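A.B. asks: My questions will all concern the structure given below.
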Amino acid sequence: MSDLQGKHGLIVGVANKRSIAWSIAQAASRAGAMLALTYQGERLEENVRELGTTLSPSPLILPCDVTSDEQIAELGAAVEREFGGLDFLLHAVAFASREALQAPYVQTSRAAFREALDISAYSLVALSREVAPLMSARGGGSILTLTYLGSQRVFPNYNVMGVAKAALEASVRYLASDLGPQNIRVNAISAGPIKTLAASGISGFSNILQLYRERAPLRRNIEAAEVADAAIFLLGPRGCAITAEVLTVDAGFQAMGM
Ligand code: NAD
């Protein structure tokens with residue numbers, strides 16, 4: 001596959017080798033893209049640098065904590081300096097405090113609500129605003145984020161993250177409307193459950209995995225590499241008429257009533 005040959009991409013959300021963003025980075029690199037990977041804070045820097053050494057060509061490695069407007073601006077400036085423009089952005093970032101993912105949703109504090117919505121939803125708006133001029137310089141681009149069915153239906157303990165994903169999916173539509181005239185597409189993939197660092201914060205996550213294996217039409221869980229296949233389609237030229245869309249990659253689970 002060489003769908004992304006000669007393209008420059010920014011991948012925000014690699015924490016370790018289980019990260020969905022890492023599977024997408026590997027697939028994008030195989031498809032010919034030159035990448036910039038970001039890490040959230042020094043704690044994750046080494047992981048991301050180590051993973052980066054396995055990609056060819058070597059990616060840029062840059063810091064980005066999405067709660068910092070300054071770091072987002074510096075990221076945009078570094079990408080412009082090194083790449084001169086940008087063809088695609090993957091946003092694969094989410095966070096909610098542990099107590100917000102354990103106590104009943106009705107107990108969510110103002111601070112926990114604000115933090116989850118800021119990191120998991122507003123960050124897409126801030127990053128899109130930063131990269132839009134870089135994509136315009138290339139005649140357009142593709143922005144992709146990752147969401148979950150907890151935005152539409154109630155899953156035990158998903159709580160404020162479900163509310164954040166609903167805001168994220170609505171943001172996809174509003175951003176697609178704003179940026180479409182510049183030929184910038186904005187989409188989401190709604191992925192089925194996958195065991196990652198973020199997922200380990202959700203109490204009872206293994207029950208969700210089991211439920212999918214039992215009820216999904218394909219009677220199995222999905223793999224990050226399968227999300228990556230769909231991501232390459234949406235990030236690259238073959239998805240060129242698709243924007244404002246939430247594409248579900250979940251072995252069919254979302255269609256089932258029971
Ligand atoms: P992950 O833990 O590997 O990735 C989450 C990423 O968010 C990490 O890289 C972390 O560093 C980053 N992050 C958190 N706070 C940040 C901040 N302040 N600044 C910058 N980065 C920050 O887990 P994952 O499951 O690969 O999650 C990636 C995306 O996929 C998330 O949006 C998640 O909600 C979504 N998703 C995951 C699943 C699943 O079952 N794993 C299903 C559907 C959607």
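Each chain of the structure tokens is named A, B, ... in the order shown, its residues numbered from 1; ligands are numbered from 1 in display order.
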Set the distance at 7 Å and use only C-alpha atoms: which residues neighbour A:Phe88 once local chain neighbours fewer than 4 positions away are removed? I'd like the list as a list of chain:residue names.
C.D. replies: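 So the residues in contact are A:His8, A:Gly9, A:Leu10, A:Gly141, A:Ser142, A:Ile143, A:Leu235.
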A.B. asks: Please produce a file of those selected residues containing C-alpha atoms, as a PDB file, in the first residue's frame.
C.D. replies:
```
ATOM      1  CA  HIS A   8       3.381  14.448   5.959  1.00  0.00           C
ATOM      2  CA  GLY A   9       1.348  13.412   9.003  1.00  0.00           C
ATOM      3  CA  LEU A  10       1.105  14.416  12.652  1.00  0.00           C
ATOM      4  CA  GLY A 141      -5.852  17.717   4.373  1.00  0.00           C
ATOM      5  CA  SER A 142      -7.474  15.069   6.533  1.00  0.00           C
ATOM      6  CA  ILE A 143      -8.093  15.154  10.285  1.00  0.00           C
ATOM      7  CA  LEU A 235      -6.540   9.834   6.058  1.00  0.00           C
TER       8      LEU A 235
END
```
A.B. asks: If you take only C-alpha atoms and all ligand atoms and a cut-off of 7 Å, which residues of chain A touch ligand 1, and what are their nearest atom pairs and distances in Å to one decimal, in chain and number order, as a Markdown table?
C.D. replies:
```
| residue | atom | partner | partner_atom_place_in_ligand_line | distance |
| --- | --- | --- | --- | --- |
| A:Val12 | CA | ligand 1 | 21 (N) | 6.8 |
| A:Gly13 | CA | ligand 1 | 9 (O) | 3.6 |
| A:Val14 | CA | ligand 1 | 9 (O) | 4.1 |
| A:Ala15 | CA | ligand 1 | 9 (O) | 3.7 |
| A:Asn16 | CA | ligand 1 | 3 (O) | 6.0 |
| A:Arg18 | CA | ligand 1 | 3 (O) | 6.0 |
| A:Ser19 | CA | ligand 1 | 3 (O) | 3.3 |
| A:Ile20 | CA | ligand 1 | 26 (O) | 3.8 |
| A:Ala21 | CA | ligand 1 | 26 (O) | 5.7 |
| A:Tyr39 | CA | ligand 1 | 11 (O) | 6.3 |
| A:Gln40 | CA | ligand 1 | 20 (C) | 4.5 |
| A:Cys64 | CA | ligand 1 | 20 (C) | 5.6 |
| A:Asp65 | CA | ligand 1 | 19 (N) | 3.4 |
| A:Val66 | CA | ligand 1 | 19 (N) | 3.9 |
| A:Thr67 | CA | ligand 1 | 18 (N) | 5.2 |
| A:Ala92 | CA | ligand 1 | 29 (C) | 4.0 |
| A:Val93 | CA | ligand 1 | 7 (O) | 3.5 |
| A:Ala94 | CA | ligand 1 | 32 (O) | 4.3 |
| A:Phe95 | CA | ligand 1 | 14 (C) | 5.0 |
| A:Ile119 | CA | ligand 1 | 18 (N) | 5.5 |
| A:Ser120 | CA | ligand 1 | 32 (O) | 6.6 |
| A:Leu146 | CA | ligand 1 | 35 (C) | 4.8 |
| A:Thr147 | CA | ligand 1 | 44 (C) | 4.4 |
| A:Tyr148 | CA | ligand 1 | 43 (C) | 4.2 |
| A:Ser190 | CA | ligand 1 | 43 (C) | 5.8 |
| A:Ala191 | CA | ligand 1 | 43 (C) | 4.2 |
| A:Gly192 | CA | ligand 1 | 42 (C) | 5.2 |
| A:Pro193 | CA | ligand 1 | 40 (O) | 3.2 |
| A:Ile194 | CA | ligand 1 | 40 (O) | 3.8 |
| A:Lys195 | CA | ligand 1 | 41 (N) | 5.5 |
| A:Thr196 | CA | ligand 1 | 25 (O) | 4.7 |
| A:Leu197 | CA | ligand 1 | 2 (O) | 3.9 |
| A:Ala198 | CA | ligand 1 | 2 (O) | 3.6 |
| A:Ala199 | CA | ligand 1 | 41 (N) | 4.9 |
```
A.B. asks: Counting only C-alpha atoms, which of A:Asp229, A:Asp3, A:Asp69, A:Asp87 gets nearest to A:Val131?
C.D. replies: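 Residue with the minimum atom-to-atom distance to A:Val131: A:Asp87.
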A.B. asks: Could you tell me which of A:Gly41, A:Ile61, A:Met34, A:Ser56 comes closest to A:Leu75 if we count only C-alpha atoms?
C.D. replies: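 Among the listed residues, A:Ile61 lies closest to A:Leu75.
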A.B. asks: Using only C-alpha atoms, which of A:Gln107, A:Ile24, A:Ala244, A:Met135 sits nearest A:Leu168?
C.D. replies: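 Nearest to A:Leu168: A:Ala244.
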